[in-house]
Structures are given as C-alpha cells and as structure tokens.
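Participant: What follows is input_35.cif, made up of mmCIF, C-alpha atoms:
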data_query
#
loop_
_atom_site.label_atom_id
_atom_site.label_comp_id
_atom_site.auth_asym_id
_atom_site.auth_seq_id
_atom_site.Cartn_x
_atom_site.Cartn_y
_atom_site.Cartn_z
CA MET H 2 5.14 78.65 13.05
CA SER H 3 1.50 79.22 13.56
CA LEU H 4 0.33 80.49 16.93
CA LEU H 5 -3.21 79.35 16.41
CA GLU H 6 -4.10 75.78 15.75
CA ILE H 7 -7.46 74.75 14.35
CA ILE H 8 -8.80 71.73 16.18
CA THR H 9 -11.79 69.81 14.85
CA ILE H 10 -14.48 68.69 17.25
CA PRO H 11 -14.87 64.92 16.85
CA LYS H 12 -18.44 64.12 15.80
CA ASP H 13 -18.83 61.30 18.30
CA ASP H 14 -17.28 63.08 21.28
CA ALA H 15 -20.18 63.67 23.67
CA ILE H 16 -17.89 65.33 26.21
CA ALA H 17 -16.68 67.96 23.73
CA PHE H 18 -20.27 68.49 22.60
CA THR H 19 -21.51 69.06 26.14
CA PHE H 20 -18.58 71.38 26.91
CA PHE H 21 -19.68 73.64 24.04
CA THR H 22 -23.43 73.45 24.73
CA GLY H 23 -22.76 73.85 28.45
CA TYR H 24 -20.75 77.02 27.81
CA MET H 25 -23.42 78.57 25.60
CA ALA H 26 -26.28 77.57 27.89
CA MET H 27 -24.54 79.10 30.93
CA LEU H 28 -23.82 82.33 29.05
CA ALA H 29 -27.39 82.58 27.76
CA ALA H 30 -28.76 81.92 31.25
CA SER H 31 -26.54 84.69 32.69
CA ILE H 32 -27.80 87.23 30.16
CA PHE H 33 -31.37 86.13 30.91
CA PHE H 34 -30.97 86.51 34.70
CA PHE H 35 -29.19 89.88 34.42
CA PHE H 36 -31.86 91.33 32.13
CA GLU H 37 -34.78 89.90 34.08
CA ARG H 38 -33.44 91.51 37.26
CA SER H 39 -35.20 94.73 36.34
CA ARG H 40 -38.60 92.98 36.30
CA VAL H 41 -38.57 91.85 39.93
CA GLU H 42 -39.16 93.67 43.19
CA GLY H 43 -36.19 95.22 45.06
CA LYS H 44 -35.74 92.43 47.62
CA TRP H 45 -35.28 89.83 44.85
CA LYS H 46 -32.74 91.76 42.79
CA VAL H 47 -29.69 90.44 44.68
CA SER H 48 -31.00 86.86 44.36
CA LEU H 49 -31.24 87.18 40.58
CA LEU H 50 -27.86 88.88 40.44
CA VAL H 51 -26.35 85.93 42.31
CA SER H 52 -28.11 83.49 39.94
CA GLY H 53 -26.60 85.36 36.99
CA LEU H 54 -23.16 85.39 38.62
CA ILE H 55 -23.27 81.63 39.20
CA THR H 56 -23.96 80.87 35.54
CA PHE H 57 -21.59 83.61 34.34
CA ILE H 58 -18.65 82.31 36.41
CA ALA H 59 -19.43 78.82 35.11
CA ALA H 60 -19.65 80.11 31.50
CA VAL H 61 -16.16 81.67 31.74
CA HIS H 62 -14.73 78.45 33.15
CA TYR H 63 -16.49 76.36 30.51
CA TYR H 64 -14.97 78.63 27.85
CA TYR H 65 -11.49 77.63 29.07
CA MET H 66 -12.39 74.03 29.88
CA ARG H 67 -13.74 73.18 26.42
CA ASP H 68 -10.45 74.37 24.85
CA TYR H 69 -8.34 72.59 27.46
CA TYR H 70 -10.25 69.36 26.87
CA LEU H 71 -10.03 69.58 23.05
CA VAL H 72 -6.30 70.29 23.08
CA THR H 73 -5.18 67.85 25.78
CA GLY H 74 -8.05 65.32 25.88
CA GLU H 75 -7.70 65.37 29.68
CA ASN H 76 -10.05 66.27 32.52
CA PRO H 77 -9.79 69.97 33.36
CA THR H 78 -9.89 69.12 37.09
CA VAL H 79 -8.22 72.31 38.36
CA LEU H 80 -10.51 74.59 36.33
CA ARG H 81 -13.56 72.66 37.50
CA TYR H 82 -12.68 73.04 41.14
CA ILE H 83 -11.88 76.76 40.73
CA ASP H 84 -15.36 77.11 39.18
CA TRP H 85 -17.10 75.09 41.92
CA THR H 86 -15.21 76.84 44.75
CA LEU H 87 -16.81 80.08 43.56
CA THR H 88 -20.22 78.92 42.39
CA VAL H 89 -21.25 76.38 45.06
CA PRO H 90 -20.85 78.84 47.98
CA LEU H 91 -22.90 81.29 45.86
CA MET H 92 -25.67 78.68 45.64
CA CYS H 93 -25.57 78.54 49.44
CA VAL H 94 -25.87 82.36 49.44
CA GLU H 95 -29.15 81.88 47.54
CA PHE H 96 -30.53 79.83 50.45
CA TYR H 97 -29.63 82.65 52.82
CA LEU H 98 -31.14 85.35 50.59
CA LEU H 99 -34.39 83.43 50.13
CA THR H 100 -34.87 82.89 53.87
CA LYS H 101 -33.61 86.33 54.94
CA ALA H 102 -37.13 87.74 55.05
CA ALA H 103 -38.10 84.95 57.47
CA GLY H 104 -35.25 85.93 59.81
CA ALA H 105 -32.11 84.17 58.50
CA LYS H 106 -29.00 85.47 60.28
CA LEU H 107 -25.56 86.07 58.84
CA GLY H 108 -24.31 83.06 60.84
CA LEU H 109 -26.34 80.75 58.58
CA LEU H 110 -24.65 82.21 55.52
CA TRP H 111 -21.18 81.59 56.98
CA LYS H 112 -22.01 78.06 58.10
CA LEU H 113 -23.22 77.15 54.62
CA ILE H 114 -20.21 78.79 52.95
CA ILE H 115 -17.76 76.98 55.27
CA ALA H 116 -19.53 73.63 54.68
CA SER H 117 -19.46 74.08 50.89
CA VAL H 118 -15.78 75.13 50.85
CA TRP H 119 -14.96 72.17 53.14
CA MET H 120 -16.77 69.85 50.72
CA LEU H 121 -14.93 71.22 47.68
CA VAL H 122 -11.43 71.47 49.15
CA ALA H 123 -11.61 67.87 50.42
CA GLY H 124 -12.99 66.76 47.03
CA TYR H 125 -10.16 68.58 45.26
CA ILE H 126 -7.49 66.95 47.41
CA GLY H 127 -9.16 63.57 46.82
CA GLU H 128 -9.34 64.01 43.07
CA ALA H 129 -6.35 66.14 42.07
CA PHE H 130 -3.75 64.81 44.51
CA ASN H 131 -4.52 61.14 44.05
CA PRO H 132 -1.23 59.36 43.26
CA GLU H 133 -0.61 58.23 39.69
CA GLY H 134 -2.78 55.24 38.79
CA GLY H 135 -5.24 55.91 41.58
CA ASP H 136 -5.12 55.03 45.25
CA THR H 137 -8.49 53.86 46.61
CA THR H 138 -7.66 54.66 50.25
CA HIS H 139 -6.78 58.27 49.35
CA SER H 140 -9.94 58.61 47.24
CA VAL H 141 -12.18 57.09 49.93
CA ILE H 142 -10.78 59.05 52.90
CA TRP H 143 -11.04 62.44 51.18
CA GLY H 144 -14.37 61.46 49.67
CA VAL H 145 -15.78 60.69 53.12
CA ILE H 146 -14.37 63.96 54.56
CA SER H 147 -15.94 65.87 51.66
CA THR H 148 -19.25 64.05 52.14
CA LEU H 149 -19.50 65.38 55.71
CA GLY H 150 -19.80 68.91 54.25
CA TYR H 151 -22.42 67.71 51.77
CA ILE H 152 -24.45 65.99 54.51
CA TYR H 153 -24.38 69.18 56.59
CA ILE H 154 -25.77 71.25 53.68
CA LEU H 155 -28.33 68.54 52.89
CA TYR H 156 -29.48 68.48 56.52
CA THR H 157 -29.68 72.28 56.71
CA ALA H 158 -31.74 72.45 53.52
CA TRP H 159 -34.15 69.65 54.48
CA PHE H 160 -34.46 69.82 58.28
CA GLY H 161 -32.08 72.44 59.70
CA GLU H 162 -32.13 76.23 59.76
CA VAL H 163 -33.04 76.76 56.08
CA ALA H 164 -35.98 74.35 56.26
CA GLN H 165 -37.21 75.83 59.56
CA LEU H 166 -36.96 79.40 58.26
CA ALA H 167 -38.78 78.48 55.05
CA LYS H 168 -41.53 76.92 57.17
CA GLN H 169 -41.87 80.16 59.14
CA SER H 170 -41.97 82.26 55.97
CA LYS H 171 -45.32 83.85 55.22
CA ASP H 172 -44.66 83.58 51.50
CA GLU H 173 -45.95 80.27 50.10
CA VAL H 174 -43.76 80.68 47.00
CA VAL H 175 -40.61 80.84 49.16
CA LYS H 176 -41.71 77.69 51.04
CA LYS H 177 -42.23 75.81 47.79
CA GLY H 178 -39.07 77.22 46.17
CA VAL H 179 -36.79 76.29 49.07
CA ARG H 180 -38.20 72.76 48.95
CA VAL H 181 -37.38 72.52 45.21
CA LEU H 182 -33.85 73.81 45.86
CA ALA H 183 -33.46 71.20 48.62
CA TRP H 184 -34.34 68.56 45.99
CA PHE H 185 -31.57 70.01 43.79
CA VAL H 186 -29.12 69.49 46.65
CA LEU H 187 -30.32 65.91 47.14
CA VAL H 188 -30.62 64.72 43.54
CA GLY H 189 -28.68 67.21 41.38
CA TRP H 190 -25.64 67.42 43.63
CA ALA H 191 -25.54 63.62 43.95
CA ILE H 192 -24.12 63.43 40.41
CA TYR H 193 -20.82 64.97 41.62
CA PRO H 194 -19.87 62.11 43.97
CA ILE H 195 -20.68 59.70 41.13
CA GLY H 196 -18.17 61.59 38.97
CA TYR H 197 -15.66 61.62 41.83
CA MET H 198 -15.96 57.87 42.27
CA CYS H 199 -15.22 57.27 38.57
CA MET H 200 -11.74 58.78 38.94
CA PRO H 201 -8.81 56.32 39.13
CA GLY H 202 -8.96 54.82 42.62
CA GLY H 203 -12.61 55.70 43.14
CA TRP H 204 -14.76 52.68 43.89
CA PHE H 205 -16.96 52.98 40.77
CA ASN H 206 -13.67 52.93 38.89
CA VAL H 207 -12.52 49.85 40.77
CA ALA H 208 -15.88 48.07 40.93
CA PHE H 209 -17.39 48.79 37.47
CA GLY H 210 -14.41 50.01 35.48
CA TRP H 211 -16.00 53.44 34.90
CA GLY H 212 -13.16 55.73 33.93
CA SER H 213 -12.23 59.36 33.84
CA SER H 214 -13.84 59.67 30.38
CA ASN H 215 -17.24 59.23 32.04
CA VAL H 216 -16.47 61.88 34.64
CA ASP H 217 -16.58 64.91 32.39
CA LEU H 218 -19.87 63.89 30.85
CA PHE H 219 -21.40 63.45 34.33
CA TYR H 220 -19.99 66.77 35.50
CA ASN H 221 -21.11 68.70 32.39
CA ILE H 222 -24.67 67.41 32.64
CA ALA H 223 -24.78 68.00 36.41
CA ASP H 224 -23.44 71.55 36.08
CA ALA H 225 -26.01 72.52 33.46
CA ILE H 226 -28.92 71.08 35.47
CA ASN H 227 -27.81 72.43 38.82
CA LYS H 228 -26.60 75.91 37.94
CA ILE H 229 -29.22 76.89 35.37
CA GLY H 230 -32.01 74.93 37.09
CA PHE H 231 -31.13 76.40 40.49
CA GLY H 232 -31.22 79.91 38.98
CA LEU H 233 -34.54 79.26 37.26
CA VAL H 234 -36.13 78.21 40.56
CA VAL H 235 -34.90 81.45 42.15
CA TYR H 236 -36.24 83.33 39.11
CA TYR H 237 -39.62 81.61 39.54
CA ILE H 238 -39.76 82.55 43.23
CA ALA H 239 -38.80 86.16 42.49
CA THR H 240 -41.25 86.72 39.63
CA THR H 241 -44.18 84.90 41.28
CA SER H 242 -43.67 86.71 44.56
CA THR H 243 -43.35 90.07 42.75
CA ALA H 244 -46.55 89.43 40.77
CA LYS H 245 -48.39 88.57 44.01
CA GLU H 246 -47.25 91.76 45.71
CA VAL H 247 -48.16 93.90 42.69
CA LYS H 248 -51.61 92.30 42.69
CA ALA H 249 -52.02 92.91 46.43
CA THR H 250 -51.08 96.59 46.21
CA ALA H 251 -53.20 97.23 43.09
CA MET P 18 -37.64 63.29 52.56
CA THR P 19 -38.12 62.19 56.15
CA LYS P 20 -35.42 62.24 58.84
CA ALA P 21 -35.24 58.43 58.76
CA ILE P 22 -34.54 58.49 55.00
CA PHE P 23 -31.96 61.27 55.53
CA ILE P 24 -30.12 59.15 58.13
CA PHE P 25 -30.32 56.19 55.72
CA ILE P 26 -28.82 58.22 52.82
CA ALA P 27 -26.14 59.82 55.02
CA SER P 28 -25.13 56.42 56.44
CA ILE P 29 -24.90 54.85 52.98
CA LEU P 30 -22.80 57.76 51.66
CA LEU P 31 -20.39 57.55 54.57
CA VAL P 32 -20.23 53.82 55.23
CA PHE P 33 -20.45 52.33 51.73
CA PRO P 34 -17.09 53.59 50.41
CA LEU P 35 -15.39 52.62 53.66
CA VAL P 36 -16.84 49.12 53.52
CA PHE P 37 -15.75 48.67 49.90
CA ASN P 38 -12.28 49.87 50.76
CA ALA P 39 -11.96 47.73 53.87
CA GLY P 40 -11.87 44.44 51.93
CA GLU P 41 -12.57 41.29 53.93
CA ILE P 42 -13.74 41.96 57.51
CA THR P 43 -13.70 38.95 59.84
CA THR P 44 -16.76 38.03 61.95
CA SER P 45 -15.01 39.05 65.20
CA GLN P 46 -14.08 42.43 63.66
CA GLN P 47 -17.71 42.88 62.60
CA LEU P 48 -18.78 42.10 66.16
CA LEU P 49 -16.35 44.67 67.56
CA ILE P 50 -17.74 47.33 65.21
CA CYS P 51 -21.32 46.39 66.06
CA ILE P 52 -21.03 46.14 69.88
CA PRO P 53 -21.08 49.93 70.50
CA PHE P 54 -24.19 50.23 68.28
CA ILE P 55 -25.89 47.31 70.05
CA LEU P 56 -25.18 48.88 73.46
CA LEU P 57 -26.04 52.44 72.44
CA PHE P 58 -29.05 51.87 70.19
CA GLY P 59 -30.13 48.20 70.16
CA ILE P 60 -30.71 47.58 73.86
CA PRO P 61 -32.25 51.02 74.62
CA HIS P 62 -34.51 50.52 71.58
CA GLY P 63 -35.96 47.36 73.15
CA ALA P 64 -35.97 48.70 76.71
CA ILE P 65 -37.87 51.85 75.82
CA ASP P 66 -41.17 50.07 75.03
CA ASP P 67 -42.72 50.68 78.46
CA VAL P 68 -41.73 54.38 78.32
CA LEU P 69 -43.45 54.75 74.93
CA TYR P 70 -46.53 52.98 76.28
CA SER P 71 -46.67 55.09 79.48
CA ARG P 72 -46.67 58.24 77.34
CA LYS P 73 -49.99 57.14 75.91
CA SER P 74 -51.46 55.37 78.90
CA GLN P 75 -51.20 55.75 82.69
CA LYS P 76 -51.50 52.02 83.46
CA LYS P 77 -47.84 51.00 83.56
CA SER P 78 -48.38 47.86 85.68
CA SER P 79 -50.79 46.34 83.15
CA PHE P 80 -48.21 46.84 80.40
CA ILE P 81 -45.49 45.00 82.32
CA SER P 82 -47.85 42.10 83.23
CA ILE P 83 -49.06 41.71 79.64
CA TYR P 84 -45.47 41.99 78.40
CA LEU P 85 -44.28 39.25 80.79
CA LEU P 86 -47.26 37.05 79.90
CA ILE P 87 -46.53 37.29 76.16
CA ILE P 88 -42.84 36.55 76.78
CA SER P 89 -43.77 33.48 78.85
CA LEU P 90 -46.13 32.21 76.15
CA ASN P 91 -43.40 32.77 73.62
CA VAL P 92 -40.88 30.77 75.67
CA VAL P 93 -43.40 27.91 75.94
CA LEU P 94 -44.00 28.03 72.18
CA TRP P 95 -40.25 27.83 71.49
CA PHE P 96 -40.05 24.65 73.61
CA LEU P 97 -43.14 22.99 72.18
CA LEU P 98 -43.16 24.09 68.53
CA PRO P 99 -39.76 25.58 67.70
CA LEU P 100 -40.37 25.83 63.94
CA ALA P 101 -43.69 27.65 64.41
CA ALA P 102 -42.06 29.93 67.00
CA TYR P 103 -39.21 30.66 64.58
CA ILE P 104 -41.61 31.50 61.72
CA LEU P 105 -43.66 33.73 64.04
CA PHE P 106 -40.47 35.44 65.19
CA LEU P 107 -39.39 36.08 61.56
CA PHE P 108 -42.80 37.40 60.55
CA LEU P 109 -43.03 39.74 63.54
CA SER P 110 -39.45 40.92 63.01
CA ALA P 111 -40.16 41.60 59.33
CA TYR P 112 -43.26 43.63 60.20
CA HIS P 113 -41.40 45.55 62.90
CA PHE P 114 -38.47 46.36 60.53
CA GLY P 115 -40.97 47.88 58.11
CA GLN P 116 -42.71 49.79 60.90
CA SER P 117 -39.41 51.36 61.99
CA GLN P 118 -38.36 52.18 58.43
CA PHE P 119 -41.66 53.85 57.54
CA SER P 120 -42.30 55.48 60.92
CA GLN P 121 -43.85 58.48 59.14
CA TYR P 122 -46.80 56.22 58.24
CA PHE P 123 -47.08 54.88 61.79
CA GLU P 124 -50.55 56.33 62.38
CA GLN P 125 -51.81 55.21 58.96
CA GLN P 126 -54.50 52.56 59.15
CA PRO P 127 -54.98 51.29 55.55
CA LEU P 128 -53.95 47.70 54.92
CA LYS P 129 -51.49 48.70 52.18
CA PHE P 130 -49.16 50.26 54.80
CA LYS P 131 -49.21 47.10 56.89
CA VAL P 132 -48.42 45.07 53.76
CA LEU P 133 -45.57 47.48 52.97
CA TYR P 134 -44.10 47.07 56.49
CA PHE P 135 -44.22 43.29 56.20
CA PHE P 136 -42.72 42.91 52.73
CA TRP P 137 -40.01 45.52 53.35
CA GLY P 138 -38.91 43.52 56.42
CA MET P 139 -39.13 40.23 54.54
CA SER P 140 -37.00 41.69 51.76
CA ILE P 141 -34.29 42.70 54.26
CA LEU P 142 -34.38 39.45 56.23
CA SER P 143 -34.42 37.15 53.20
CA GLY P 144 -31.77 39.29 51.43
CA LEU P 145 -29.45 39.15 54.44
CA THR P 146 -29.90 35.38 54.71
CA TYR P 147 -29.61 34.70 50.98
CA PHE P 148 -26.48 36.79 50.43
CA ASN P 149 -24.82 35.36 53.57
CA HIS P 150 -25.95 31.80 53.06
CA ASP P 151 -22.64 30.17 53.94
CA GLU P 152 -22.39 32.05 57.24
CA ILE P 153 -25.99 31.10 58.14
CA ARG P 154 -25.26 27.47 57.34
CA SER P 155 -22.15 27.44 59.55
CA ILE P 156 -24.10 29.02 62.47
CA MET P 157 -26.98 26.57 62.01
CA SER P 158 -24.66 23.57 61.97
CA GLN P 159 -23.28 24.42 65.41
CA TYR P 160 -26.26 23.08 67.38
CA GLN P 161 -28.39 20.01 66.87
CA GLU P 162 -31.52 21.99 67.87
CA PHE P 163 -31.13 24.24 64.83
CA VAL P 164 -31.56 21.39 62.34
CA VAL P 165 -35.33 21.86 62.46
CA PHE P 166 -34.93 25.37 60.96
CA SER P 167 -32.78 24.25 58.03
CA GLN P 168 -35.76 23.75 55.68
CA LEU P 169 -36.38 27.51 55.89
CA HIS P 170 -32.82 28.30 54.89
CA GLN P 171 -32.79 26.56 51.52
CA GLU P 172 -31.10 28.83 49.03
CA GLN P 173 -33.86 28.57 46.40
CA LEU P 174 -36.63 29.34 48.91
CA LEU P 175 -34.75 32.36 50.22
CA TRP P 176 -34.21 33.62 46.68
CA TYR P 177 -37.95 33.39 45.88
CA VAL P 178 -38.92 35.12 49.13
CA PHE P 179 -36.35 37.85 48.47
CA ILE P 180 -37.55 38.50 44.91
CA ILE P 181 -41.27 38.40 45.76
CA SER P 182 -40.94 40.67 48.81
CA THR P 183 -38.62 43.14 47.04
CA VAL P 184 -40.89 43.39 43.99
CA THR P 185 -43.99 43.76 46.20
CA THR P 186 -42.30 46.49 48.27
CA ALA P 187 -41.19 48.37 45.15
CA SER P 188 -44.62 48.22 43.57
#
Please rewrite the model in this file as structure tokens.

Facilitator:
Amino acid sequence: MSLLEIITIPKDDAIAFTFFTGYMAMLAASIFFFFERSRVEGKWKVSLLVSGLITFIAAVHYYYMRDYYLVTGENPTVLRYIDWTLTVPLMCVEFYLLTKAAGAKLGLLWKLIIASVWMLVAGYIGEAFNPEGGDTTHSVIWGVISTLGYIYILYTAWFGEVAQLAKQSKDEVVKKGVRVLAWFVLVGWAIYPIGYMCMPGGWFNVAFGWGSSNVDLFYNIADAINKIGFGLVVYYIATTSTAKEVKATA
Amino acid sequence: MTKAIFIFIASILLVFPLVFNAGEITTSQQLLICIPFILLFGIPHGAIDDVLYSRKSQKKSSFISIYLLIISLNVVLWFLLPLAAYILFLFLSAYHFGQSQFSQYFEQQPLKFKVLYFFWGMSILSGLTYFNHDEIRSIMSQYQEFVVFSQLHQEQLLWYVFIISTVTTAS
C-alpha cells in the first residue's frame, strides 16, 4: 500500500491553478515584506511585520487547501474560515497601526477586531452549517448578520474613526494610503459576499445557478488581491514616509 | 464615496437578500413596511423645507407666503389642465430625486449636473412604472379622472424613457 498518492493537476482546472499560484504568491509576498522590514523606519516595522504575517498565514492555509481541493474536489470551507478568522482581524490591525500616530486608541483596534470576527463567525455559520442541499433562509439570515459587521468596518474606514484620524494625520502619505485601503474594503472585500451567495441556498445560486465551483475561484482571486494588495499599500506608505523623513533630516 | 452612496450600498446589501428570500409580498404588506419610513422620513423631509430656508434667510414669512401661493397655483393647474400638471409634477419629482441622490453636487452650477439630476430621476420614475406596469394600470383604472394620464403610461413609451434616461445618466 502506498502512503503517498500522486495526483495530476487537471490542465483546465482554473481553481486548482489559482490554489497553486495563490500559495506561491502569498509565500513570496511574505518573504518580501519580512525582508523589506529592515528598510523602513522604526514606527513602520510592526505594520510590515503584520503585512508579512497576513500573507504568511494565508500561504500556510493555501498549502493545505490546494491539496484538500485536489484530493476531494470539494470546497475547503473550514480551512478558509480558519485563515480568514486570523488574517482579516490582522488587516483591521493595520488600520489601527497606520492611524496610531494621529491618535488612534486601543478601543478602535478592539472594535474593528470584534466587527471582523462577528462578520466571519456569522459567515461561517451561514456557509458551513447550511443544511444539505442549501436552505435560502439560513443563508440569507446569517448573511445579513455577517453583513452588519462588514458595514461597520466599511463605515469606520470611510467616515468613522479611521477616516477621521487619517484626516487629522499630518502625513499626506498616510491620508492617501488609508483611502486606498478603504477602497480595498469596499471593492476587494465585496468579492467574498459574492462567493457566499454562490453556495447552495445563496441567492446567486438560486437566481443564476452559480454553484460552489465558482466560489473557490472567486475566493482565490479575492484573497490574492486583498492580502497581497493590502500589504503592498502598507509597504508603499512605510517606504514613502521613511524616504520623506530621511530627506527632511538630511 | 459619499455618505449618501454608503447608505445606498448598505441598504442594498441588507435589504436585497431579504427581499429575494421573502417571495411575493402583497400590496398591504408593502404598505405596512413602508408606513414607518413614511412617518419617520417622508413627512419630516417635506416639512423641513422652511427650516432649511430659514437657515439661509431671516425672512420666514415670505417663504410661507410664496410656498402657499405656489401650492394654490398648482391646485388650480390640476383642476384646469390635469395632464400638464401631471407632467410638471413628474418632471419636478425627477429633478428632485436626482438632487437628493447627488447632494454632494448641490452647490454645483454647471448645466451638466442639472441634466444629471433630471435624467437620474426620470430613470427611477420610468423604471418603477415600467417594471410595475400592471399595478399602475390597476391603480389608474380605479378612477375615471385618471384616464387622461393613461397615454403617459403606455408600456413602449415608458421603456424608451427608461432606456434613454438610464443611458444618459450613465454617460
């Protein structure tokens, strides 16, 4: 009996392809953020560390998810939510770290973490505990509960505490960077509910017949854009701000 | 993103799935859902006009007299030329819908913003009427006085208005 089985990647399987590229891209991004940490000023080091952690945690989960998908052909829902429960609150930590210099308090960090965990736990219940075959009422109720968390984060990033603190910040790069990250929350994060609604019982599933096979592709693309893109914006803020300060002190 | 657009997105995200899941909602159920919103937002929205005006100007009495005069003229117009009054009402409503939606451009003077207000409102009004044509027809058939408006509710006309105003708004 062989303990190891060789499984071929189907040439036309876009999901398998994006699982592999997603894994490598996340790992490469982590190495990049960890190494680049030494190039930025002290106050930005934690931000870059968090960026690296986000992509690293995702890379480890993608390593397991690509195998799980190839072997079973099913959605690795549990692994995805374990990944998101760790990485999404860390993205919220980035908002706090960026606005800390402008006076962000620890309360903001906790509010964002609670909202993101709320969003993910409700999403997990809606997706993973949906009865066999898909129950639309279950999907909709938990989807709406989860959306409340998303709307709170969206409001905070665009108009609430984060936006106000960024406005008060003396650093133009921080102002611009926080605005770009707010766009990530609005556009990039919007892909996740689309994926959620493709699950059996979700109303994209009911209305357009989009199935669970579309979900993984949506999620893989969204993860790559949001996690690496989010980190790159933080990297841009950190390096530009550092360069400015070096220039000013020279 | 403005606050108005945020409220729009948040409402769609929360209400859309619920509406799709609710299935068929009867007209009386729709009325029950809408009454709190009419009382809380609709009526205060109309009643606040003089407050908004008095913030800019001290002459409150002139506002009320002009307001009452316009209302009286409007009532007379409805009696004498109901079709013209109805068209005027639709045009003003369309413009006002656009004004509320794009409140961030409220102080903007260029004509393109005024055109945007108008066509946005026309798109909503014609869309609502076109996609609920049967309901409109049943309301309009209840009173003899409404017959005069029926030429404006022809399905083909509504479709053209909807397409033209939506395309103009988008461009």

Participant: Could you spell out the hits of the PyMOL selection byres ((chain H and resi 123-140) around 7) on the shown file, as a list in words?

Facilitator: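 Those residues are Thr78, Tyr82, Trp119, Met120, Leu121, Val122, Val141, Ile142, Trp143, Gly144, Ile146, Ser147, Tyr197, Pro201, Gly202, Gly203 and Trp204 of chain H; Asn38 of chain P.
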
Participant: Do you know which residues are at most 10 Å from Leu142 in chain P counting only C-alpha atoms, after dropping those on the same chain fewer than 5 positions away, and could you put them as a count of residues only?

Facilitator: 12

Participant: Kindly give the distance, in Å, that separates CA of Gly232 in chain H and CA of Glu95 in chain H, rounded to a single decimal.

Facilitator: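 It comes out at 9.0 Å.
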
Participant: Identify all residues satisfying the PyMOL selection byres ((chain P and resi 166) around 10) in the given file; provide them as a list in words.

Facilitator: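 When the PyMOL selection byres ((chain P and resi 166) around 10) is applied, the selected residues are Pro99, Leu100, Ala101, Tyr103, Ile104, Met157, Glu162, Phe163, Val164, Val165, Ser167, Gln168, Leu169, His170 and Gln171 of chain P.
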
Participant: Specify as a list of chain:residue names all residues of chain P found within 10 Å of chain H, counting all atoms listed in the file.

Facilitator: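 On the chain P side, the interface is P:Met18, P:Thr19, P:Lys20, P:Phe23, P:Ile24, P:Ile26, P:Ala27, P:Ser28, P:Leu30, P:Leu31, P:Val32, P:Phe33, P:Pro34, P:Leu35, P:Val36, P:Phe37, P:Asn38, P:Ala39.
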
Participant: Take the selection from the previous step and output its residues with C-alpha atoms, as a compact mmCIF listing (two decimals), keeping the file's coordinate frame.

Facilitator:
# COMPACT_ATOMS: atom_id res chain seq x y z
CA MET P 18 -37.64 63.29 52.56
CA THR P 19 -38.12 62.19 56.15
CA LYS P 20 -35.42 62.24 58.84
CA PHE P 23 -31.96 61.27 55.53
CA ILE P 24 -30.12 59.15 58.13
CA ILE P 26 -28.82 58.22 52.82
CA ALA P 27 -26.14 59.82 55.02
CA SER P 28 -25.13 56.42 56.44
CA LEU P 30 -22.80 57.76 51.66
CA LEU P 31 -20.39 57.55 54.57
CA VAL P 32 -20.23 53.82 55.23
CA PHE P 33 -20.45 52.33 51.73
CA PRO P 34 -17.09 53.59 50.41
CA LEU P 35 -15.39 52.62 53.66
CA VAL P 36 -16.84 49.12 53.52
CA PHE P 37 -15.75 48.67 49.90
CA ASN P 38 -12.28 49.87 50.76
CA ALA P 39 -11.96 47.73 53.87

Participant: Between CA of Ala251 in chain H and CA of Val179 in chain H, what is the distance, to one decimal in Å?

Facilitator: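 Computing it gives 27.3 Å between the two atoms.
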
Participant: For the atom pair CA of Met200 in chain H and CA of Val79 in chain H, what is the interatomic distance in Å to one decimal place?

Facilitator: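 Those two atoms sit 14.0 Å apart.
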
Participant: Within 8 Å of Leu109 in chain H, counting only C-alpha atoms, which residues show up once you throw out same-chain ones fewer than 3 positions away? Write them as a list in words, please.

Facilitator: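 These residues fall inside the cut-off: Tyr97, Ala105, Lys106, Lys112, Leu113 and Glu162 of chain H.
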
Participant: Let's have the selection written as a PDB file, keeping the file's coordinate frame, with C-alpha atoms.

Facilitator:
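As a result, selection_14.pdb now contains:
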ATOM      1  CA  TYR H  97     -29.630  82.650  52.820  1.00  0.00           C
ATOM      2  CA  ALA H 105     -32.110  84.170  58.500  1.00  0.00           C
ATOM      3  CA  LYS H 106     -29.000  85.470  60.280  1.00  0.00           C
ATOM      4  CA  LYS H 112     -22.010  78.060  58.100  1.00  0.00           C
ATOM      5  CA  LEU H 113     -23.220  77.150  54.620  1.00  0.00           C
ATOM      6  CA  GLU H 162     -32.130  76.230  59.760  1.00  0.00           C
TER       7      GLU H 162
END

Participant: The PyMOL selection byres ((chain P and resi 116) around 10) on the file shown: which residues, as a VMD selection string?

Facilitator: chain P and resid 110 to 115 117 to 123 130 to 131 133 to 135 137 to 138
